[in-house]
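Q: What follows is entry37.csv, CSV, C-alpha atoms.
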```csv
chain,number,residue,atom,x,y,z
A,196,MET,CA,28.1,0.5,10.9
A,197,VAL,CA,28.3,0.8,7.2
A,198,GLN,CA,29.8,4.1,6.2
A,199,PHE,CA,27.5,5.8,3.8
A,200,LEU,CA,28.4,9.4,3.9
A,201,ILE,CA,27.5,11.5,1.0
A,202,GLY,CA,28.4,15.0,1.9
A,203,PHE,CA,28.4,16.5,-1.5
A,204,TRP,CA,24.7,16.9,-1.9
A,205,CYS,CA,24.6,20.5,-0.9
A,206,GLY,CA,27.7,21.2,-2.9
A,207,CYS,CA,30.0,21.0,0.1
A,208,ALA,CA,33.2,19.3,-0.7
A,209,ALA,CA,34.2,16.4,1.5
A,210,SER,CA,35.3,12.9,1.1
A,211,ILE,CA,32.5,10.6,0.0
A,212,LEU,CA,32.3,7.0,1.1
A,213,VAL,CA,29.8,4.5,0.1
A,214,GLY,CA,30.7,1.2,1.8
A,215,SER,CA,34.4,1.1,1.6
A,216,ILE,CA,34.5,2.8,-1.8
A,217,ALA,CA,36.2,6.2,-1.8
A,218,PHE,CA,34.1,8.4,-4.0
A,219,SER,CA,36.2,11.4,-4.5
A,220,GLY,CA,38.4,9.8,-7.1
A,221,LYS,CA,35.5,8.4,-8.9
A,222,ILE,CA,33.7,11.7,-9.1
A,223,LYS,CA,36.8,13.3,-10.5
A,224,GLN,CA,36.9,10.6,-13.1
A,225,TYR,CA,33.3,11.1,-13.9
A,226,LYS,CA,33.8,14.8,-14.3
A,227,GLU,CA,36.5,14.2,-16.8
A,228,GLU,CA,34.7,11.6,-18.7
A,229,ARG,CA,31.3,13.3,-18.9
A,230,GLY,CA,30.8,16.4,-20.8
A,231,ALA,CA,27.2,16.6,-21.9
A,232,GLU,CA,24.5,17.1,-19.3
A,233,SER,CA,22.4,14.1,-20.2
A,234,LYS,CA,23.5,10.8,-21.5
A,235,LYS,CA,22.8,7.1,-21.3
A,236,ASP,CA,24.8,4.9,-19.1
A,237,VAL,CA,25.4,1.5,-20.6
A,238,LYS,CA,27.4,-0.4,-18.2
A,239,PRO,CA,26.0,-1.8,-15.1
A,240,GLU,CA,28.6,-3.5,-12.9
A,241,ARG,CA,26.3,-6.3,-11.8
A,242,THR,CA,22.7,-7.3,-12.0
A,243,GLU,CA,20.5,-6.8,-9.0
A,244,HIS,CA,16.8,-7.5,-9.6
A,245,CYS,CA,15.5,-5.3,-12.4
A,246,PRO,CA,14.4,-6.4,-15.8
A,247,ASN,CA,16.6,-5.5,-18.7
A,248,GLY,CA,16.0,-2.0,-20.1
A,249,THR,CA,14.8,-0.5,-16.8
A,250,SER,CA,15.3,3.2,-17.2
A,251,VAL,CA,15.8,5.8,-14.5
A,252,LEU,CA,15.9,9.6,-14.9
A,253,LEU,CA,17.8,11.8,-12.5
A,254,VAL,CA,16.7,15.4,-12.7
A,255,ASP,CA,19.0,17.7,-10.7
A,256,ASP,CA,20.8,20.9,-11.5
A,257,SER,CA,23.8,19.7,-9.6
A,258,LYS,CA,26.0,17.5,-11.7
A,259,LEU,CA,27.8,16.3,-8.7
A,260,SER,CA,24.5,15.1,-7.1
A,261,ARG,CA,23.6,13.3,-10.2
A,262,THR,CA,27.0,11.6,-10.3
A,263,VAL,CA,26.7,10.4,-6.7
A,264,MET,CA,23.2,9.1,-7.4
A,265,ARG,CA,24.4,7.4,-10.5
A,266,GLU,CA,27.2,5.7,-8.6
A,267,ILE,CA,24.7,4.3,-6.0
A,268,LEU,CA,22.4,3.1,-8.7
A,269,ALA,CA,25.3,1.3,-10.5
A,270,ARG,CA,24.7,-1.9,-8.7
A,271,HIS,CA,21.4,-2.2,-10.3
A,272,GLU,CA,21.2,-3.0,-14.0
A,273,LEU,CA,19.7,0.2,-15.1
A,274,ASP,CA,19.8,2.6,-18.0
A,275,ILE,CA,20.4,5.9,-16.3
A,276,PHE,CA,19.7,9.2,-17.9
A,277,GLU,CA,20.4,12.7,-16.5
A,278,ALA,CA,18.8,16.0,-16.9
A,279,GLY,CA,20.2,19.2,-15.4
A,280,SER,CA,16.9,21.1,-15.5
A,281,GLY,CA,13.1,20.6,-15.6
A,282,ALA,CA,13.1,21.8,-19.3
A,283,GLU,CA,15.8,19.2,-20.2
A,284,SER,CA,13.9,16.5,-18.4
A,285,LEU,CA,10.9,17.3,-20.6
A,286,ARG,CA,12.9,16.7,-23.7
A,287,LEU,CA,14.1,13.3,-22.4
A,288,VAL,CA,10.7,12.0,-21.4
A,289,LYS,CA,9.5,12.7,-24.9
A,290,GLU,CA,12.3,10.6,-26.3
A,291,HIS,CA,12.3,7.7,-23.8
A,292,SER,CA,10.0,6.0,-21.4
A,293,PHE,CA,11.2,5.8,-17.8
A,294,ASP,CA,10.4,3.4,-15.0
A,295,LEU,CA,11.5,5.7,-12.2
A,296,ILE,CA,12.2,9.4,-11.9
A,297,PHE,CA,14.1,11.4,-9.2
A,298,ILE,CA,13.5,15.1,-9.1
A,299,ASP,CA,15.5,17.5,-7.1
A,300,GLN,CA,13.2,20.0,-5.4
A,301,HIS,CA,15.4,23.0,-5.4
A,302,MET,CA,16.4,23.9,-8.9
A,303,PRO,CA,16.7,27.3,-10.6
A,304,GLY,CA,14.0,27.9,-13.1
A,305,MET,CA,11.4,25.2,-12.7
A,306,ASN,CA,11.5,23.8,-9.2
A,307,GLY,CA,10.7,20.1,-8.4
A,308,ASP,CA,6.9,20.5,-8.2
A,309,GLU,CA,6.7,22.5,-11.4
A,310,THR,CA,8.9,19.9,-13.1
A,311,LEU,CA,6.7,17.1,-12.0
A,312,GLN,CA,3.6,18.9,-13.2
A,313,TYR,CA,5.3,19.7,-16.5
A,314,LEU,CA,6.4,16.0,-17.0
A,315,ARG,CA,2.9,14.7,-16.3
A,316,GLU,CA,1.0,17.3,-18.3
A,317,ARG,CA,3.3,18.0,-21.2
A,318,GLY,CA,5.7,15.1,-21.2
A,319,GLY,CA,3.0,12.4,-21.1
A,320,VAL,CA,4.6,10.8,-18.0
A,321,SER,CA,1.9,8.4,-16.7
A,322,VAL,CA,0.9,8.5,-13.1
A,323,ASP,CA,2.0,4.9,-13.0
A,324,VAL,CA,5.6,6.0,-13.3
A,325,PRO,CA,6.8,6.6,-9.8
A,326,VAL,CA,8.5,9.9,-9.1
A,327,VAL,CA,10.7,10.5,-6.1
A,328,ALA,CA,11.2,14.0,-4.6
A,329,VAL,CA,14.8,14.6,-3.6
A,330,GLY,CA,16.2,17.5,-1.6
A,331,SER,CA,18.2,18.7,1.3
A,332,THR,CA,15.1,19.9,3.2
A,333,VAL,CA,13.2,16.8,2.4
A,334,ARG,CA,12.6,14.4,5.4
A,335,LYS,CA,11.0,11.0,5.5
A,336,GLU,CA,8.2,12.4,7.7
A,337,HIS,CA,7.2,14.7,4.8
A,338,GLU,CA,6.3,11.7,2.7
A,339,GLU,CA,2.6,12.0,3.1
A,340,ALA,CA,2.7,15.6,2.0
A,341,TYR,CA,4.8,14.7,-1.0
A,342,ARG,CA,2.3,11.9,-1.9
A,343,GLY,CA,-0.4,14.5,-1.9
A,344,LYS,CA,1.5,16.3,-4.5
A,345,GLY,CA,1.8,13.3,-6.7
A,346,TYR,CA,5.2,11.8,-5.7
A,347,ALA,CA,5.6,8.1,-4.9
A,348,ALA,CA,8.2,8.8,-2.2
A,349,CYS,CA,10.7,11.4,-1.0
A,350,LEU,CA,14.3,11.2,-0.3
A,351,GLY,CA,16.5,13.6,1.8
A,352,LYS,CA,19.9,14.7,1.1
A,353,PRO,CA,22.5,13.6,2.1
A,354,LEU,CA,21.2,10.1,1.1
A,355,GLN,CA,20.8,7.5,3.7
A,356,GLU,CA,21.6,4.0,2.5
A,357,ASN,CA,18.6,2.2,4.1
A,358,ARG,CA,16.1,4.7,3.0
A,359,PHE,CA,17.5,4.8,-0.5
A,360,ASN,CA,17.4,1.0,-0.9
A,361,GLU,CA,13.9,0.8,0.6
A,362,ILE,CA,12.7,3.2,-2.0
A,363,LEU,CA,14.5,1.4,-4.8
A,364,ALA,CA,13.2,-2.0,-3.7
A,365,ARG,CA,9.7,-0.6,-3.6
A,366,LEU,CA,9.6,1.4,-6.8
A,367,LEU,CA,11.9,-0.3,-9.3
A,368,PRO,CA,10.2,-2.9,-11.5
A,369,LYS,CA,10.9,-6.4,-10.5
A,370,GLU,CA,12.5,-9.0,-12.7
A,371,GLU,CA,9.8,-11.6,-12.0
A,372,LYS,CA,7.1,-9.4,-13.4
A,373,ASP,CA,4.9,-12.4,-14.2
A,374,GLU,CA,5.0,-13.4,-10.6
A,375,GLN,CA,3.5,-10.2,-9.4
A,376,PRO,CA,-0.1,-10.5,-8.2
A,377,ALA,CA,-2.7,-9.6,-10.8
A,378,ASP,CA,-3.7,-6.0,-10.7
A,379,PHE,CA,-1.8,-5.3,-7.5
A,380,SER,CA,-1.4,-1.6,-6.7
A,381,TYR,CA,0.8,-0.7,-3.8
A,382,ARG,CA,-0.3,2.8,-3.9
A,383,LYS,CA,-4.0,2.0,-3.9
A,384,GLY,CA,-3.5,-0.4,-1.0
A,385,LEU,CA,-1.5,2.2,0.9
A,386,THR,CA,-4.3,4.7,0.5
A,387,ASN,CA,-6.5,2.4,2.5
A,388,PHE,CA,-4.0,2.6,5.3
A,389,ASP,CA,-3.9,6.4,5.2
A,390,GLY,CA,-0.4,6.3,3.8
A,391,ASN,CA,1.0,4.5,6.8
A,392,GLU,CA,3.6,2.3,5.1
A,393,GLU,CA,4.7,0.6,8.3
A,394,VAL,CA,1.3,-0.8,9.1
A,395,TYR,CA,0.4,-1.4,5.5
A,396,ARG,CA,3.5,-3.5,5.0
A,397,GLU,CA,2.9,-5.4,8.2
A,398,THR,CA,-0.5,-6.2,7.0
A,399,LEU,CA,0.7,-7.4,3.6
A,400,VAL,CA,2.9,-9.8,5.4
A,401,LEU,CA,0.1,-10.8,7.8
A,402,PHE,CA,-2.0,-11.7,4.8
A,403,ALA,CA,0.8,-13.9,3.5
A,404,ASP,CA,1.1,-15.5,7.0
A,405,LEU,CA,-2.6,-16.3,7.1
A,406,TRP,CA,-2.8,-17.6,3.6
A,407,GLU,CA,-1.8,-21.3,4.0
A,408,GLU,CA,-4.2,-21.8,6.9
A,409,ARG,CA,-7.0,-20.1,5.0
A,410,LYS,CA,-6.3,-22.1,1.9
A,411,GLU,CA,-6.5,-25.3,3.8
A,412,GLN,CA,-9.8,-24.3,5.4
A,413,LEU,CA,-11.2,-23.5,1.9
A,414,ARG,CA,-10.0,-26.9,0.6
A,415,GLN,CA,-11.8,-28.6,3.6
A,416,PHE,CA,-15.0,-26.6,3.1
A,417,LEU,CA,-15.0,-27.6,-0.6
A,418,GLU,CA,-14.4,-31.2,0.1
A,419,GLU,CA,-17.3,-31.2,2.6
A,420,GLU,CA,-19.3,-29.1,0.1
A,421,ASN,CA,-19.9,-26.7,2.9
A,422,MET,CA,-20.8,-23.7,0.7
A,423,PRO,CA,-22.0,-21.4,3.4
A,424,GLU,CA,-18.7,-21.5,5.3
A,425,TYR,CA,-16.8,-21.4,2.1
A,426,ALA,CA,-18.7,-18.3,1.1
A,427,ILE,CA,-17.9,-16.5,4.4
A,428,LEU,CA,-14.2,-17.3,4.2
A,429,ILE,CA,-13.8,-16.4,0.6
A,430,HIS,CA,-15.7,-13.2,1.3
A,431,ALA,CA,-13.2,-12.3,4.0
A,432,ILE,CA,-10.3,-13.1,1.6
A,433,LYS,CA,-12.0,-10.9,-1.1
A,434,GLY,CA,-12.3,-8.0,1.3
A,435,ASP,CA,-8.7,-8.4,2.5
A,436,ALA,CA,-7.3,-8.6,-1.0
A,437,ARG,CA,-9.2,-5.4,-2.0
A,438,THR,CA,-8.1,-3.6,1.2
A,439,LEU,CA,-4.5,-4.5,0.4
A,440,GLY,CA,-4.7,-3.4,-3.3
A,441,ALA,CA,-4.7,-6.9,-4.7
A,442,GLU,CA,-7.6,-6.4,-7.1
A,443,GLY,CA,-6.9,-9.6,-9.2
A,444,LEU,CA,-7.3,-11.9,-6.2
A,445,GLY,CA,-10.2,-9.8,-5.0
A,446,GLU,CA,-12.1,-10.3,-8.2
A,447,LEU,CA,-11.4,-14.1,-8.4
A,448,ALA,CA,-12.5,-14.4,-4.8
A,449,TYR,CA,-15.7,-12.4,-5.4
A,450,ALA,CA,-16.6,-14.8,-8.3
A,451,GLN,CA,-16.2,-17.7,-5.9
A,452,GLU,CA,-18.2,-16.0,-3.2
A,453,LEU,CA,-21.1,-15.6,-5.6
A,454,GLN,CA,-20.9,-19.2,-6.7
A,455,ALA,CA,-20.7,-20.4,-3.1
A,456,LYS,CA,-23.6,-18.3,-2.0
A,457,ALA,CA,-25.6,-19.9,-4.9
A,458,GLU,CA,-24.6,-23.3,-3.4
A,459,ASP,CA,-22.9,-24.1,-6.8
A,460,ALA,CA,-20.2,-26.4,-5.5
A,461,GLU,CA,-19.4,-27.5,-9.0
A,462,ALA,CA,-18.6,-24.0,-10.2
A,463,VAL,CA,-16.6,-23.3,-7.0
A,464,GLU,CA,-14.5,-26.5,-7.6
A,465,LYS,CA,-13.9,-25.5,-11.2
A,466,GLY,CA,-12.5,-22.1,-10.2
A,467,PHE,CA,-10.8,-23.3,-7.1
A,468,ALA,CA,-7.3,-23.9,-8.7
A,469,LYS,CA,-7.3,-20.5,-10.2
A,470,VAL,CA,-8.0,-18.6,-7.0
A,471,MET,CA,-5.6,-20.8,-5.1
A,472,SER,CA,-2.9,-20.1,-7.6
A,473,GLU,CA,-3.5,-16.3,-7.5
A,474,GLY,CA,-3.6,-16.5,-3.7
A,475,ASP,CA,-0.2,-18.4,-3.6
A,476,LYS,CA,1.4,-15.9,-5.9
A,477,THR,CA,0.0,-12.9,-3.9
A,478,ALA,CA,1.1,-14.4,-0.6
A,479,LYS,CA,4.6,-15.3,-1.9
A,480,TYR,CA,5.0,-11.8,-3.4
A,481,PHE,CA,3.9,-10.0,-0.2
A,482,LYS,CA,6.3,-12.2,1.9
A,483,GLN,CA,9.2,-11.7,-0.4
A,484,MET,CA,8.8,-8.0,-0.9
A,485,TYR,CA,7.7,-6.7,2.5
A,486,SER,CA,9.0,-9.1,5.2
B,127,MET,CA,-10.9,15.2,26.2
B,128,VAL,CA,-11.4,11.5,26.8
B,129,LYS,CA,-11.4,9.5,23.6
B,130,LYS,CA,-14.6,7.7,22.7
B,131,ARG,CA,-14.2,4.0,22.7
B,132,ILE,CA,-15.0,2.0,19.6
B,133,LEU,CA,-15.3,-1.7,19.2
B,134,ALA,CA,-14.9,-3.2,15.7
B,135,ILE,CA,-16.2,-6.7,15.2
B,136,ASP,CA,-14.9,-8.4,12.1
B,137,ASP,CA,-13.7,-11.9,11.5
B,138,SER,CA,-10.7,-10.6,9.4
B,139,ILE,CA,-7.8,-9.4,11.4
B,140,ILE,CA,-6.6,-7.7,8.3
B,141,ALA,CA,-9.8,-5.6,8.3
B,142,LEU,CA,-9.3,-4.9,12.0
B,143,LYS,CA,-5.8,-3.8,11.5
B,144,GLN,CA,-6.9,-1.4,8.7
B,145,LEU,CA,-9.6,0.0,10.9
B,146,GLN,CA,-7.3,0.4,13.8
B,147,ASN,CA,-4.8,2.3,11.7
B,148,ILE,CA,-7.5,4.7,10.6
B,149,LEU,CA,-9.2,5.2,13.9
B,150,GLU,CA,-6.6,5.0,16.7
B,151,LYS,CA,-5.5,8.6,16.4
B,152,LYS,CA,-8.9,9.9,17.2
B,153,PHE,CA,-10.6,7.1,19.2
B,154,GLU,CA,-9.7,4.3,21.6
B,155,PHE,CA,-9.9,1.3,19.4
B,156,ALA,CA,-10.6,-2.4,20.3
B,157,GLY,CA,-11.2,-5.3,17.9
B,158,ALA,CA,-13.0,-8.6,18.2
B,159,THR,CA,-12.8,-11.3,15.6
B,160,SER,CA,-16.2,-12.9,16.1
B,161,GLY,CA,-19.7,-11.9,17.1
B,162,LEU,CA,-19.4,-13.9,20.3
B,163,ALA,CA,-16.0,-12.3,21.2
B,164,GLY,CA,-17.6,-8.9,20.5
B,165,LEU,CA,-20.5,-9.5,22.8
B,166,LYS,CA,-18.2,-10.7,25.6
B,167,ARG,CA,-16.3,-7.4,25.4
B,168,LEU,CA,-19.5,-5.4,25.2
B,169,ASP,CA,-20.7,-7.2,28.4
B,170,SER,CA,-17.6,-6.4,30.3
B,171,GLU,CA,-16.5,-3.0,29.1
B,172,PRO,CA,-18.1,0.3,28.1
B,173,PHE,CA,-18.0,1.3,24.4
B,174,ASP,CA,-19.5,4.3,22.7
B,175,LEU,CA,-19.9,2.8,19.3
B,176,VAL,CA,-19.7,-0.6,17.5
B,177,LEU,CA,-18.5,-1.2,13.9
B,178,LEU,CA,-20.0,-4.4,12.8
B,179,ASP,CA,-19.0,-6.7,9.9
B,180,ILE,CA,-22.0,-8.5,8.5
B,181,GLU,CA,-20.5,-11.7,6.9
B,182,MET,CA,-18.9,-13.6,9.7
B,183,PRO,CA,-18.9,-17.3,10.4
B,184,VAL,CA,-21.0,-18.9,13.2
B,185,MET,CA,-22.7,-15.7,14.4
B,186,ASP,CA,-23.1,-13.3,11.6
B,187,GLY,CA,-23.5,-9.5,11.9
B,188,PHE,CA,-27.2,-9.6,12.0
B,189,ALA,CA,-27.3,-12.2,14.7
B,190,THR,CA,-24.7,-10.2,16.7
B,191,LEU,CA,-26.8,-7.0,16.2
B,192,THR,CA,-29.9,-8.8,17.5
B,193,SER,CA,-28.0,-10.0,20.6
B,194,ILE,CA,-26.6,-6.5,21.2
B,195,ARG,CA,-30.1,-5.0,21.0
B,196,GLN,CA,-31.5,-7.6,23.4
B,197,ARG,CA,-29.3,-6.2,26.1
B,198,GLU,CA,-31.0,-3.3,27.9
B,199,ARG,CA,-27.8,-1.5,28.5
B,200,LEU,CA,-26.8,-1.6,24.8
B,201,LYS,CA,-30.2,-1.1,23.1
B,202,ASP,CA,-29.3,2.4,22.0
B,203,LEU,CA,-25.6,1.9,21.4
B,204,PRO,CA,-24.7,3.4,18.0
B,205,ILE,CA,-23.8,0.7,15.5
B,206,ILE,CA,-22.4,1.2,12.0
B,207,ILE,CA,-22.3,-1.8,9.8
B,208,LEU,CA,-19.4,-2.7,7.5
B,209,THR,CA,-20.3,-4.2,4.2
B,210,GLY,CA,-19.0,-5.0,0.7
B,211,THR,CA,-19.7,-2.8,-2.3
B,212,ARG,CA,-22.2,-5.0,-3.9
B,213,HIS,CA,-24.4,-5.9,-0.9
B,214,LYS,CA,-27.3,-3.5,-1.2
B,215,ASP,CA,-29.7,-6.1,0.4
B,216,LYS,CA,-27.4,-6.2,3.5
B,217,VAL,CA,-27.4,-2.4,3.8
B,218,ILE,CA,-31.2,-2.2,3.6
B,219,LYS,CA,-31.6,-5.0,6.1
B,220,GLY,CA,-29.1,-3.2,8.4
B,221,ILE,CA,-30.8,0.1,8.2
B,222,THR,CA,-34.2,-1.4,8.9
B,223,SER,CA,-32.6,-3.3,11.8
B,224,GLY,CA,-31.8,0.0,13.5
B,225,VAL,CA,-28.1,0.6,12.8
B,226,HIS,CA,-26.9,4.1,12.6
B,227,GLY,CA,-25.2,3.8,9.2
B,228,TYR,CA,-23.1,1.7,7.0
B,229,VAL,CA,-19.6,1.9,5.5
B,230,VAL,CA,-18.4,0.1,2.4
B,231,LYS,CA,-15.2,-1.9,2.9
B,232,PRO,CA,-12.4,-1.1,2.5
B,233,ALA,CA,-13.4,1.8,4.6
B,234,ASP,CA,-12.4,5.2,3.5
B,235,SER,CA,-10.9,7.0,6.5
B,236,GLU,CA,-12.5,10.4,6.1
B,237,LEU,CA,-15.9,8.9,5.4
B,238,LEU,CA,-15.7,6.4,8.3
B,239,ILE,CA,-14.6,9.0,10.8
B,240,SER,CA,-17.3,11.5,9.7
B,241,LYS,CA,-20.0,8.8,10.0
B,242,ILE,CA,-18.7,7.8,13.4
B,243,GLU,CA,-18.6,11.4,14.6
B,244,ALA,CA,-22.1,11.9,13.3
B,245,ALA,CA,-23.4,8.8,15.1
B,246,LEU,CA,-21.7,10.0,18.3
B,247,GLY,CA,-23.0,13.5,18.0
B,248,LEU,CA,-19.5,15.0,17.9
```
Reformat the file's structure so that it appears as structure tokens.

A:
Amino acid sequence: MVQFLIGFWCGCAASILVGSIAFSGKIKQYKEERGAESKKDVKPERTEHCPNGTSVLLVDDSKLSRTVMREILARHELDIFEAGSGAESLRLVKEHSFDLIFIDQHMPGMNGDETLQYLRERGGVSVDVPVVAVGSTVRKEHEEAYRGKGYAACLGKPLQENRFNEILARLLPKEEKDEQPADFSYRKGLTNFDGNEEVYRETLVLFADLWEERKEQLRQFLEEENMPEYAILIHAIKGDARTLGAEGLGELAYAQELQAKAEDAEAVEKGFAKVMSEGDKTAKYFKQMYS
Amino acid sequence: MVKKRILAIDDSIIALKQLQNILEKKFEFAGATSGLAGLKRLDSEPFDLVLLDIEMPVMDGFATLTSIRQRERLKDLPIIILTGTRHKDKVIKGITSGVHGYVVKPADSELLISKIEAALGL
């Protein structure tokens, strides 16, 4: 079992191991090197899968906690900023735009929820920027409740490697941005599954698994100019795409459905390549991201 | 209390999976991927309500609805149709064909559950 013990989160001193890396020395080094509370990290050790310039903000009153988090994030090519309080985070969001924000729930002054509200309302942080609630009393099973408060995910302390990586994989922007399905919203799709991520992800993969067969059927119906059957299948694809939050594919499929219902095989043929290409991209993305 | 049994008939297994996720906490859920498969289940098992997709291959929702109503045992079975957002004509046809309501897909969980409960008199 991979050692991933981060016992510092609550301020208790212990040896910290991530993989085989001893953290205690590193933390000491960080403490010596870093004076100011917030600063930009410009180093990444190696590139993982984020586009250049991806920025993450860590809001936590514990410098040690921020340092531990920073170390874990080091394997991603990220610009990492730190704030020691909600007020300080507000200043940072006014100066920089962030792709992901972690907020500790238990801070003196403004707590996590107040900080989130502050950042959204006064800092202009868009609802599209995912924010993760972090805290020693936070559990994965609280995620639905945190979602209701506007967070994209929640993360307990001490950190668990799998959970942490799962959240990063889900929320960090991906390098192949142009390969993402058009107008795909994970959060919107998840809403249709009442926030049940396990079932939602299974269903995303199921869509991908069904795609090749459906594509072949559509091709066959088009060749036969069987527009009624084409309309029924593309209707189902449209519904599935929308259910899963893939609005781009849903709209293309809807246009095809209307053409097929009007028995306009020529128009269907004209738009066929586009909808197939979007379907390919969507299926590939779902498979890669959620398998 | 014994859970009410709901049969969803929809040619998309993705739609069925979504419905199952929404409904299985409160109801006993079963799915069928065609009108014919749905009728077979209705003939062999008791259900309290049917959720019926309209646009399905071979036997569409209206044909399935007609077949259900032709069965004496099922003539009063509550049926809610599932339809796309832009299919007003289908909704009107459904309502005039004796269904108990309609839900726009993708189904909103609270709305769907409230409509089911209303149809079941819960």

Q: Give me, as a PyMOL selection string, all polymer residues having an atom no more than 12 Å from Phe188 (chain B), counting only C-alpha atoms and skipping those fewer than 3 positions away in the same chain.

A: chain B and resi 135+161+178-185+191-195+205-209+216-225

Q: Using only C-alpha atoms, select each residue of chain A with any atom at most 8 Å away from an atom of chain B, and give the selection as a short mmCIF file (atom, residue, chain, number, x, y, z; two decimals) with C-alpha atoms, keeping the file's coordinate frame.

A:
```cif
data_model
loop_
_atom_site.label_atom_id
_atom_site.label_comp_id
_atom_site.auth_asym_id
_atom_site.auth_seq_id
_atom_site.Cartn_x
_atom_site.Cartn_y
_atom_site.Cartn_z
CA ASN A 387 -6.50 2.40 2.50
CA PHE A 388 -4.00 2.60 5.30
CA ASP A 389 -3.90 6.40 5.20
CA ASN A 391 1.00 4.50 6.80
CA VAL A 394 1.30 -0.80 9.10
CA TYR A 395 0.40 -1.40 5.50
CA THR A 398 -0.50 -6.20 7.00
CA LEU A 401 0.10 -10.80 7.80
CA PHE A 402 -2.00 -11.70 4.80
CA GLU A 424 -18.70 -21.50 5.30
CA ILE A 427 -17.90 -16.50 4.40
CA LEU A 428 -14.20 -17.30 4.20
CA HIS A 430 -15.70 -13.20 1.30
CA ALA A 431 -13.20 -12.30 4.00
CA GLY A 434 -12.30 -8.00 1.30
CA ASP A 435 -8.70 -8.40 2.50
CA ARG A 437 -9.20 -5.40 -2.00
CA THR A 438 -8.10 -3.60 1.20
#
```

Q: As an exercise, work out the distance from CA of Gly279 (chain A) to CA of Lys335 (chain A) in Å and give it to one decimal place.

A: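 Result for CA of Gly279 (chain A) versus CA of Lys335 (chain A): 24.3 Å, one decimal.
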
Q: Neighbouring residues of Gln483 (chain A) were defined as those with any atom within 12 Å, considering only C-alpha atoms; residues of the same chain fewer than 4 positions away were excluded. Please report them as a ChimeraX atom specification.

A: /A:364-365,369,371,374-375,396,399-400,403-404,475-479

Q: Which is closer to Phe155 (chain B) than all the others in B:Asp202, B:Val230, B:Ile132, B:Asp169, using all atoms listed in the file?

A: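 Once distances to Phe155 (chain B) are computed over all atoms listed in the file, the minimum belongs to B:Ile132.
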
Q: What's the separation between CA of Asp378 (chain A) and CA of Ser472 (chain A), in Å to one decimal place?

A: 14.5 Å

Q: Please work out which residues fall within 12 Å of (-9.3, -24.2, -2.0), coordinates as given in the file, with all atoms listed in the file counting, and return them as number ranges by chain.

A: A: 406-422, 425-426, 428-429, 432, 448, 451, 460, 463-475

Q: Near region 241-246 of chain B, counting all atoms listed in the file, which residues have an atom at most 7 Å away, once you skip same-chain residues fewer than 3 positions from it, shown as a ChimeraX atom specification?

A: /B:204,226,237-238

Q: Which is closest to Lys152 (chain B) among B:Lys130, B:Ser170, B:Leu177, B:Glu198, if we use all atoms listed in the file?

A: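 Smallest distance to Lys152 (chain B) is found for B:Lys130.
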
Q: So how far away is CA of Thr386 (chain A) from CA of Val229 (chain B), in Å?

A: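 For CA of Val229 (chain B) relative to CA of Thr386 (chain A), the distance reads 16.3 Å.
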
Q: Determine, counting all atoms listed in the file, which protein, DNA and RNA residues have an atom within 12 Å of an atom of Glu339 (chain A); residues of the same chain fewer than 4 positions away are not included. Present the result as a PyMOL selection string.

A: chain A and resi 328+333-335+343-349+382+385-386+388-392

Q: Could you tell me, as number ranges by chain, which residues have any atom at most 10 Å from (-12.2, -6.6, 21.5), counting all atoms listed in the file?

A: B: 132-136, 155-160, 163-168, 171

Q: Taking all atoms listed in the file into account, which of A:Pro368, A:Gln355, A:Tyr381, A:His301 comes nearest Val251 (chain A)?

A: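 Result for the nearest residue to Val251 (chain A): A:Pro368.
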
Q: Just add N, CA and C atoms to region 130-138 of chain B and send it as a PDB file, keeping the file's coordinate frame.

A:
```pdb
ATOM      1  N   LYS B 130     -13.418   8.656  22.719  1.00  0.00           N
ATOM      2  CA  LYS B 130     -14.600   7.700  22.700  1.00  0.00           C
ATOM      3  C   LYS B 130     -14.028   6.331  22.344  1.00  0.00           C
ATOM      4  N   ARG B 131     -14.716   5.343  22.883  1.00  0.00           N
ATOM      5  CA  ARG B 131     -14.200   4.000  22.700  1.00  0.00           C
ATOM      6  C   ARG B 131     -15.055   3.257  21.622  1.00  0.00           C
ATOM      7  N   ILE B 132     -14.314   2.694  20.682  1.00  0.00           N
ATOM      8  CA  ILE B 132     -15.000   2.000  19.600  1.00  0.00           C
ATOM      9  C   ILE B 132     -14.573   0.556  19.526  1.00  0.00           C
ATOM     10  N   LEU B 133     -15.564  -0.290  19.353  1.00  0.00           N
ATOM     11  CA  LEU B 133     -15.300  -1.700  19.200  1.00  0.00           C
ATOM     12  C   LEU B 133     -15.628  -2.127  17.774  1.00  0.00           C
ATOM     13  N   ALA B 134     -14.647  -2.694  17.088  1.00  0.00           N
ATOM     14  CA  ALA B 134     -14.900  -3.200  15.700  1.00  0.00           C
ATOM     15  C   ALA B 134     -14.985  -4.723  15.808  1.00  0.00           C
ATOM     16  N   ILE B 135     -16.049  -5.267  15.220  1.00  0.00           N
ATOM     17  CA  ILE B 135     -16.200  -6.700  15.200  1.00  0.00           C
ATOM     18  C   ILE B 135     -16.148  -7.179  13.760  1.00  0.00           C
ATOM     19  N   ASP B 136     -15.106  -7.935  13.464  1.00  0.00           N
ATOM     20  CA  ASP B 136     -14.900  -8.400  12.100  1.00  0.00           C
ATOM     21  C   ASP B 136     -14.040  -9.664  12.162  1.00  0.00           C
ATOM     22  N   ASP B 137     -14.420 -10.677  11.378  1.00  0.00           N
ATOM     23  CA  ASP B 137     -13.700 -11.900  11.500  1.00  0.00           C
ATOM     24  C   ASP B 137     -12.298 -11.834  10.787  1.00  0.00           C
ATOM     25  N   SER B 138     -12.052 -10.772  10.048  1.00  0.00           N
ATOM     26  CA  SER B 138     -10.700 -10.600   9.400  1.00  0.00           C
ATOM     27  C   SER B 138      -9.833  -9.726  10.229  1.00  0.00           C
TER      28      SER B 138
END
```
